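Content type mmCIF, C-alpha atoms, from the file query-v6.cif:
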data_start
#
loop_
_atom_site.label_atom_id
_atom_site.label_comp_id
_atom_site.auth_asym_id
_atom_site.auth_seq_id
_atom_site.Cartn_x
_atom_site.Cartn_y
_atom_site.Cartn_z
CA ARG A 252 -3.43 23.45 -46.17
CA SER A 253 -0.51 24.20 -43.84
CA SER A 254 -2.94 25.50 -41.24
CA ALA A 255 -5.00 22.33 -41.53
CA ASN A 256 -1.88 20.20 -41.09
CA ALA A 257 -0.86 22.21 -38.06
CA LEU A 258 -4.32 21.71 -36.54
CA SER A 259 -4.15 18.00 -37.29
CA ASN A 260 -0.74 17.69 -35.66
CA ASN A 261 -1.98 19.60 -32.63
CA ASN A 262 -4.99 17.32 -32.25
CA GLN A 263 -2.75 14.26 -32.48
CA ALA A 264 -0.54 15.66 -29.74
CA LEU A 265 -3.59 16.28 -27.60
CA GLY A 266 -4.76 12.72 -28.13
CA THR A 267 -1.36 11.27 -27.24
CA ALA A 268 -1.11 13.28 -24.04
CA ALA A 269 -4.65 12.41 -22.98
CA ALA A 270 -4.11 8.73 -23.67
CA SER A 271 -1.07 8.66 -21.37
CA VAL A 272 -3.26 9.95 -18.53
CA SER A 273 -6.30 7.82 -19.53
CA PRO A 274 -9.87 9.13 -19.53
CA ALA A 275 -10.44 7.67 -16.06
CA THR A 276 -7.95 10.03 -14.44
CA ALA A 277 -7.86 12.95 -16.87
CA ALA A 278 -9.67 15.15 -14.36
CA GLY A 279 -9.58 15.44 -10.62
CA HIS A 280 -7.13 13.94 -8.14
CA ILE A 281 -6.66 10.83 -6.03
CA CYS A 282 -7.03 11.11 -2.28
CA LEU A 283 -5.74 8.65 0.33
CA ARG A 284 -7.90 8.32 3.43
CA LEU A 285 -9.28 5.91 6.01
CA ALA A 286 -12.05 3.64 4.77
CA ARG A 287 -15.64 4.10 5.90
CA GLN A 288 -18.55 1.70 6.06
CA THR A 289 -20.12 3.56 3.15
CA ASP A 290 -17.10 2.59 1.00
CA VAL A 291 -17.72 -1.14 1.27
CA ALA A 292 -19.68 -1.53 -1.98
CA SER A 293 -16.99 0.34 -3.94
CA ILE A 294 -14.18 -1.59 -2.25
CA GLN A 295 -15.92 -4.84 -3.10
CA ARG A 296 -16.24 -3.85 -6.77
CA CYS A 297 -12.55 -2.96 -6.88
CA ASN A 298 -11.68 -6.34 -5.38
CA VAL A 299 -13.84 -8.32 -7.81
CA ALA A 300 -12.44 -6.42 -10.79
CA THR A 301 -8.80 -7.10 -9.90
CA LEU A 302 -8.35 -10.18 -7.70
CA PRO A 303 -9.47 -13.81 -7.84
CA GLU A 304 -9.83 -13.88 -4.03
CA ASN A 305 -13.16 -12.24 -3.23
CA TYR A 306 -15.00 -11.59 0.03
CA ASN A 307 -18.55 -10.89 1.16
CA THR A 308 -19.83 -7.59 2.51
CA GLY A 309 -19.60 -8.74 6.12
CA PHE A 310 -15.87 -9.38 5.73
CA TYR A 311 -15.19 -5.74 4.79
CA ASN A 312 -17.54 -4.33 7.42
CA ASN A 313 -15.86 -6.41 10.11
CA HIS A 314 -12.39 -5.32 8.98
CA ILE A 315 -13.26 -1.63 9.06
CA GLU A 316 -14.97 -1.95 12.43
CA LYS A 317 -12.24 -4.01 14.11
CA TRP A 318 -9.17 -2.30 12.60
CA PRO A 319 -10.42 1.16 11.55
CA ASN A 320 -6.91 2.62 11.23
CA LEU A 321 -5.71 -0.26 9.06
CA ALA A 322 -8.35 0.01 6.32
CA LEU A 323 -7.37 2.59 3.70
CA VAL A 324 -8.75 3.61 0.34
CA ALA A 325 -7.58 5.64 -2.63
CA GLU A 326 -10.51 7.70 -3.92
CA HIS A 327 -10.66 9.42 -7.30
CA ILE A 328 -12.27 12.79 -6.70
CA ASP A 329 -13.53 14.58 -9.80
CA ASP A 330 -13.02 18.33 -9.56
CA PHE A 331 -16.02 19.07 -11.76
CA TYR A 332 -18.73 16.57 -10.81
CA ASP A 333 -20.18 15.49 -7.49
CA GLU A 334 -20.61 11.72 -7.46
CA GLU A 335 -23.31 10.02 -5.44
CA GLU A 336 -20.93 7.42 -4.02
CA PRO A 337 -17.15 7.40 -3.59
CA ASN A 338 -15.11 6.27 -6.59
CA ILE A 339 -12.71 3.89 -4.87
CA VAL A 340 -9.86 3.03 -7.24
CA GLY A 341 -7.65 1.18 -4.77
CA TYR A 342 -7.66 -0.11 -1.22
CA ILE A 343 -5.60 -1.92 1.37
CA LEU A 344 -6.81 -3.90 4.36
CA GLY A 345 -4.53 -4.65 7.28
CA LYS A 346 -5.04 -6.33 10.63
CA VAL A 347 -3.21 -7.33 13.80
CA GLU A 348 -3.06 -10.94 14.89
CA ASP A 349 -1.13 -12.88 17.52
CA ARG A 350 1.60 -15.12 16.14
CA VAL A 351 3.27 -17.88 18.17
CA VAL A 352 7.02 -17.34 18.41
CA PRO A 353 9.52 -19.36 20.47
CA ALA A 354 11.01 -17.19 23.21
CA PRO A 355 14.80 -16.69 23.19
CA LEU A 356 16.60 -19.48 25.04
CA ASP A 357 18.80 -17.01 26.85
CA ASN A 358 15.92 -15.00 28.31
CA ASN A 359 17.00 -13.75 31.75
CA ASP A 360 13.60 -12.57 32.99
CA ASN A 361 14.73 -8.97 32.97
CA ASN A 362 11.77 -6.78 33.88
CA ASN A 363 12.76 -4.39 31.12
CA ASN A 364 12.57 -7.09 28.48
CA ASP A 365 9.78 -6.42 25.99
CA ASP A 366 8.82 -10.13 26.07
CA ASN A 367 7.37 -9.59 29.55
CA LEU A 368 4.66 -7.46 27.96
CA LEU A 369 3.57 -10.34 25.72
CA LYS A 370 1.28 -13.29 26.37
CA GLU A 371 3.28 -16.41 27.06
CA PHE A 372 2.79 -20.15 27.45
CA TYR A 373 4.87 -23.33 27.60
CA ASP A 374 4.57 -26.30 25.29
CA MET A 375 4.71 -29.98 26.35
CA THR A 376 8.50 -29.97 26.24
CA GLY A 377 8.69 -27.01 28.60
CA ARG A 378 9.80 -24.59 25.88
CA ARG A 379 8.52 -21.08 26.45
CA HIS A 380 6.59 -19.37 23.65
CA VAL A 381 5.15 -15.90 23.35
CA LEU A 382 2.25 -14.52 21.36
CA VAL A 383 3.61 -11.57 19.43
CA PRO A 384 1.16 -9.03 17.96
CA THR A 385 1.97 -9.03 14.25
CA GLY A 386 0.67 -6.96 11.38
CA HIS A 387 -0.81 -8.62 8.33
CA VAL A 388 -1.70 -7.24 4.90
CA THR A 389 -4.99 -8.93 4.12
CA SER A 390 -5.70 -7.49 0.69
CA LEU A 391 -4.27 -4.83 -1.63
CA ALA A 392 -5.72 -3.90 -5.01
CA VAL A 393 -5.71 -1.06 -7.55
CA LEU A 394 -8.00 -0.86 -10.58
CA HIS A 395 -6.18 -1.62 -13.84
CA GLU A 396 -6.72 1.82 -15.37
CA TYR A 397 -5.26 3.54 -12.29
CA ARG A 398 -2.05 1.54 -12.00
CA ARG A 399 1.49 2.85 -12.44
CA ARG A 400 0.70 6.01 -10.51
CA GLY A 401 2.26 5.01 -7.19
CA ILE A 402 -1.14 4.32 -5.60
CA ALA A 403 -0.29 0.83 -4.33
CA ALA A 404 3.00 2.06 -2.86
CA SER A 405 1.23 4.95 -1.11
CA LEU A 406 -1.36 2.61 0.39
CA LEU A 407 1.29 0.19 1.60
CA ASN A 408 3.47 2.95 3.03
CA GLN A 409 0.58 4.42 4.99
CA LEU A 410 -0.42 1.01 6.34
CA HIS A 411 3.14 0.44 7.55
CA PHE A 412 3.12 3.79 9.31
CA ASN A 413 -0.22 3.05 11.01
CA LEU A 414 1.00 -0.39 12.11
CA GLU A 415 4.20 1.03 13.59
CA HIS A 416 2.12 3.48 15.62
CA HIS A 417 -0.43 0.87 16.71
CA LYS A 418 -1.13 0.55 20.44
CA ASP A 419 0.17 -3.05 20.45
CA ARG A 420 3.68 -1.98 19.37
CA ILE A 421 3.76 -3.93 16.13
CA ARG A 422 7.28 -5.09 15.27
CA SER A 423 6.68 -6.82 11.94
CA VAL A 424 4.15 -7.29 9.18
CA GLY A 425 3.51 -10.24 6.88
CA LEU A 426 1.54 -10.95 3.76
CA VAL A 427 0.68 -13.79 1.40
CA VAL A 428 1.14 -13.34 -2.34
CA ARG A 429 0.74 -15.65 -5.31
CA LYS A 430 4.02 -17.17 -6.45
CA GLY A 431 3.27 -16.13 -10.02
CA ASN A 432 2.47 -12.51 -9.17
CA LEU A 433 5.90 -11.15 -10.08
CA ALA A 434 4.84 -7.49 -10.13
CA ALA A 435 3.65 -7.67 -6.53
CA THR A 436 6.58 -9.72 -5.21
CA ASN A 437 9.04 -7.37 -6.92
CA LEU A 438 7.37 -4.40 -5.23
CA TYR A 439 7.42 -6.02 -1.79
CA ARG A 440 11.05 -7.12 -2.13
CA SER A 441 12.26 -3.77 -3.45
CA SER A 442 14.56 -1.61 -1.34
CA LYS A 443 11.60 0.66 -0.70
CA PHE A 444 9.75 -1.98 1.35
CA ASN A 445 12.31 -4.69 2.21
CA TYR A 446 9.98 -7.66 2.55
CA ARG A 447 11.80 -10.99 2.75
CA LEU A 448 10.63 -14.45 1.75
CA ASP A 449 9.80 -16.30 4.96
CA GLU A 450 7.99 -19.43 3.77
CA VAL A 451 6.63 -21.13 0.66
CA LEU A 452 3.00 -22.23 1.10
CA ASN A 453 2.39 -25.15 -1.24
CA HIS A 454 -1.03 -25.30 -2.97
CA TYR A 455 -2.21 -22.39 -0.83
CA TYR A 456 -4.85 -21.07 -3.21
CA ALA A 457 -8.06 -22.81 -4.29
CA ASP A 458 -6.74 -23.23 -7.84
CA GLY A 459 -3.65 -25.04 -6.52
CA GLU A 460 -1.12 -22.24 -7.00
CA ASP A 461 1.65 -21.88 -4.41
CA ALA A 462 2.05 -18.74 -2.34
CA TYR A 463 4.87 -16.87 -0.69
CA PHE A 464 4.58 -15.73 2.90
CA MET A 465 6.67 -12.57 3.04
CA LYS A 466 7.71 -10.67 6.15
CA LYS A 467 8.99 -7.21 6.96
CA VAL A 468 10.60 -6.33 10.31
CA PHE A 469 10.08 -2.70 11.24
CA ALA A 470 12.93 -2.55 13.77
CA GLU A 471 15.52 -3.36 11.10
CA ASP A 472 14.22 -0.64 8.80
CA GLN A 473 14.18 1.90 11.64
CA LYS A 474 17.80 1.08 12.48
CA LYS A 475 18.87 1.49 8.86
CA GLU A 476 17.01 4.76 8.58
CA LEU A 477 18.67 6.14 11.71
CA GLN A 478 22.07 5.13 10.40
CA ARG A 479 21.31 6.83 7.11
CA GLN A 480 20.37 10.00 8.96
CA HIS A 481 23.49 9.79 11.17
CA GLN A 482 21.42 9.07 14.27
CA GLN A 483 19.37 12.25 13.82
CA PRO A 484 15.74 11.89 14.97
CA SER A 485 13.04 12.70 12.45
CA SER A 486 11.39 16.10 12.72
CA ASP A 487 7.72 16.82 13.25
CA LYS A 488 7.69 18.23 9.73
CA ASN A 489 8.42 14.78 8.32
CA ASP A 490 5.55 13.27 10.32
CA SER A 491 3.07 15.61 8.63
CA GLN A 492 3.37 13.64 5.40
CA TRP A 493 1.30 10.85 7.00
CA GLN A 494 -1.72 12.99 7.82
CA LEU A 495 -5.03 11.82 6.36
CA PRO A 496 -6.77 12.56 4.15
CA ARG A 497 -4.18 13.75 1.63
CA THR A 498 -3.74 13.89 -2.12
CA ILE A 499 -1.37 11.25 -3.49
CA TRP A 500 -1.74 11.80 -7.24
CA HIS A 501 -2.53 14.59 -9.68
CA PRO A 502 -2.79 14.15 -13.46
CA PRO A 503 0.43 15.34 -15.10
CA SER A 504 0.15 18.95 -16.19
CA ILE A 505 0.16 19.71 -19.90
CA LYS A 506 2.05 22.74 -21.17
CA THR A 507 2.10 24.20 -24.68
CA LYS A 508 5.20 24.92 -26.72
CA ARG A 509 5.13 27.06 -29.85
CA ASP A 510 7.51 26.08 -32.61
CA SER A 511 9.12 29.22 -34.00
CA ASP A 512 9.83 27.59 -37.38
CA ASP A 513 6.36 26.58 -38.58
CA ASN A 514 4.22 28.35 -35.97
CA THR A 515 2.58 25.09 -34.86
CA ILE A 516 1.69 24.26 -31.29
CA SER A 517 2.76 21.00 -29.67
CA LEU A 518 2.00 19.62 -26.22
CA GLU A 519 4.53 18.38 -23.68
CA GLU A 520 3.60 16.21 -20.75
CA GLU A 521 5.62 16.71 -17.58
CA GLU A 522 7.47 13.58 -16.58
CA GLU A 523 6.02 11.65 -13.67
CA THR A 524 7.77 9.09 -11.53
CA GLN A 525 5.77 5.87 -11.35
CA ASP A 526 6.03 2.90 -9.07
CA VAL A 527 5.92 -0.63 -10.44
CA GLN A 528 2.55 -2.12 -11.21
CA VAL A 529 1.12 -4.20 -8.40
CA ILE A 530 -1.58 -6.85 -8.26
#

Turn this file's structure into structure tokens for me.
Amino acid sequence: RSSANALSNNNQALGTAAASVSPATAAGHICLRLARQTDVASIQRCNVATLPENYNTGFYNNHIEKWPNLALVAEHIDDFYDEEEPNIVGYILGKVEDRVVPAPLDNNDNNNNDDNLLKEFYDMTGRRHVLVPTGHVTSLAVLHEYRRRGIAASLLNQLHFNLEHHKDRIRSVGLVVRKGNLAATNLYRSSKFNYRLDEVLNHYYADGEDAYFMKKVFAEDQKKELQRQHQQPSSDKNDSQWQLPRTIWHPPSIKTKRDSDDNTISLEEEEETQDVQVI
């Protein structure tokens, strides 16, 4: 009877550990990479399953073709089975668009001023404006069963890196998020990403819900990072963390522990740091 109880306890421990990983991610790993045209169907399914704002196939194809370095996916790769099509469990789409910004009033036409590299025009009052290339997060989603594994944060981090290294010298990035989506807004406003509320868009969505337009300025974050590192430039070793493709999540390893008192075996799951749930 004691042996049966020990076996029962062991099976319960196995079930608890497996449930914390979920059957969807119990095997394999999650890889972050650039999106391909062949991913569109899977990206679209991920979008429909998680977000009320949906797009047609042409929208995704155009995004990948026009901004190939700003379309990223998280793919669940099973170590034991070859799947016919990629299992996309999360994605992020970014783009670059020109935003009209009033030029500084004290501009002295210095040839070294970055504004001289931008498109400019004057309004009817004679005020000078410039078109500043600005990053924009179009859509970010992670399937429900794959959340709380840091996937959304990894996608957003990589997009920021790619924007900062874009040929148009992107200085800031913006996004629109539902006012009621507290998980997402908390992630964006966290110290990890430092988005700030820029504008409230009343009745922005088709169902009448308001939206927040949030903005992140890269230059400010770079300055803070340099100060934190005591003005020491980052090494090439640090840059290697942004290489694609790369693994961003493994299932937590399970290790056995034998109890010396009753000779039963229990399972312990190694602790994993998770980011907040998003979208």

Under the PyMOL selection byres ((chain A and resi 500) around 10), which residues of this model are included? Write them out as a ChimeraX atom specification. /A:276,279-283,325,327,400-402,405,497-499,501-503

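Note that the spacing between atom CA of A:Ile343 and atom CA of A:Leu321 amounts to 7.9 Å.
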
Suppose a student applies the PyMOL selection byres ((chain A and resi 387) around 6) to this structure; what residues should they get, written as a list in words?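 For this structure, the PyMOL selection byres ((chain A and resi 387) around 6) resolves to Gly345, Lys346, Gly386, Val388, Thr389, Val424, Gly425 and Leu426 of chain A.
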
Figure out the distance between atom CA of A:Ala322 and atom CA of A:Lys467, please, to one decimal in Å.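 Interatomic distance, atom CA of A:Lys467 to atom CA of A:Ala322: 18.8 Å.
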
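Distance annotation: of A:Ala278, A:Val451, A:Leu344, A:Met465, the residue with the minimal separation from A:Leu410 is A:Leu344; atom set is all atoms listed in the file.
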
Which neighbours of A:Asn453 fall inside 10 Å, counting all atoms listed in the file, when residues of the same chain fewer than 4 positions from it are skipped, and could you give them as a short mmCIF file (atom, residue, chain, number, x, y, z; two decimals) with C-alpha atoms, in the frame of the given file?
data_model
loop_
_atom_site.label_atom_id
_atom_site.label_comp_id
_atom_site.auth_asym_id
_atom_site.auth_seq_id
_atom_site.Cartn_x
_atom_site.Cartn_y
_atom_site.Cartn_z
CA LYS A 430 4.02 -17.17 -6.45
CA GLY A 459 -3.65 -25.04 -6.52
CA GLU A 460 -1.12 -22.24 -7.00
CA ASP A 461 1.65 -21.88 -4.41
CA ALA A 462 2.05 -18.74 -2.34
CA TYR A 463 4.87 -16.87 -0.69
#

For the file shown, report as a PDB file with C-alpha atoms, in the coordinates of the input the outcome of the PyMOL selection byres ((chain A and resi 394) around 12) at residue level.
ATOM      1  CA  ALA A 275     -10.440   7.670 -16.060  1.00  0.00           C
ATOM      2  CA  THR A 276      -7.950  10.030 -14.440  1.00  0.00           C
ATOM      3  CA  SER A 293     -16.990   0.340  -3.940  1.00  0.00           C
ATOM      4  CA  ILE A 294     -14.180  -1.590  -2.250  1.00  0.00           C
ATOM      5  CA  GLN A 295     -15.920  -4.840  -3.100  1.00  0.00           C
ATOM      6  CA  ARG A 296     -16.240  -3.850  -6.770  1.00  0.00           C
ATOM      7  CA  CYS A 297     -12.550  -2.960  -6.880  1.00  0.00           C
ATOM      8  CA  ASN A 298     -11.680  -6.340  -5.380  1.00  0.00           C
ATOM      9  CA  VAL A 299     -13.840  -8.320  -7.810  1.00  0.00           C
ATOM     10  CA  ALA A 300     -12.440  -6.420 -10.790  1.00  0.00           C
ATOM     11  CA  THR A 301      -8.800  -7.100  -9.900  1.00  0.00           C
ATOM     12  CA  LEU A 302      -8.350 -10.180  -7.700  1.00  0.00           C
ATOM     13  CA  VAL A 324      -8.750   3.610   0.340  1.00  0.00           C
ATOM     14  CA  ALA A 325      -7.580   5.640  -2.630  1.00  0.00           C
ATOM     15  CA  GLU A 326     -10.510   7.700  -3.920  1.00  0.00           C
ATOM     16  CA  HIS A 327     -10.660   9.420  -7.300  1.00  0.00           C
ATOM     17  CA  ASN A 338     -15.110   6.270  -6.590  1.00  0.00           C
ATOM     18  CA  ILE A 339     -12.710   3.890  -4.870  1.00  0.00           C
ATOM     19  CA  VAL A 340      -9.860   3.030  -7.240  1.00  0.00           C
ATOM     20  CA  GLY A 341      -7.650   1.180  -4.770  1.00  0.00           C
ATOM     21  CA  TYR A 342      -7.660  -0.110  -1.220  1.00  0.00           C
ATOM     22  CA  LEU A 391      -4.270  -4.830  -1.630  1.00  0.00           C
ATOM     23  CA  ALA A 392      -5.720  -3.900  -5.010  1.00  0.00           C
ATOM     24  CA  VAL A 393      -5.710  -1.060  -7.550  1.00  0.00           C
ATOM     25  CA  HIS A 395      -6.180  -1.620 -13.840  1.00  0.00           C
ATOM     26  CA  GLU A 396      -6.720   1.820 -15.370  1.00  0.00           C
ATOM     27  CA  TYR A 397      -5.260   3.540 -12.290  1.00  0.00           C
ATOM     28  CA  ARG A 398      -2.050   1.540 -12.000  1.00  0.00           C
ATOM     29  CA  ARG A 399       1.490   2.850 -12.440  1.00  0.00           C
ATOM     30  CA  ARG A 400       0.700   6.010 -10.510  1.00  0.00           C
ATOM     31  CA  ILE A 402      -1.140   4.320  -5.600  1.00  0.00           C
ATOM     32  CA  ALA A 403      -0.290   0.830  -4.330  1.00  0.00           C
ATOM     33  CA  GLN A 528       2.550  -2.120 -11.210  1.00  0.00           C
ATOM     34  CA  VAL A 529       1.120  -4.200  -8.400  1.00  0.00           C
ATOM     35  CA  ILE A 530      -1.580  -6.850  -8.260  1.00  0.00           C
TER      36      ILE A 530
END
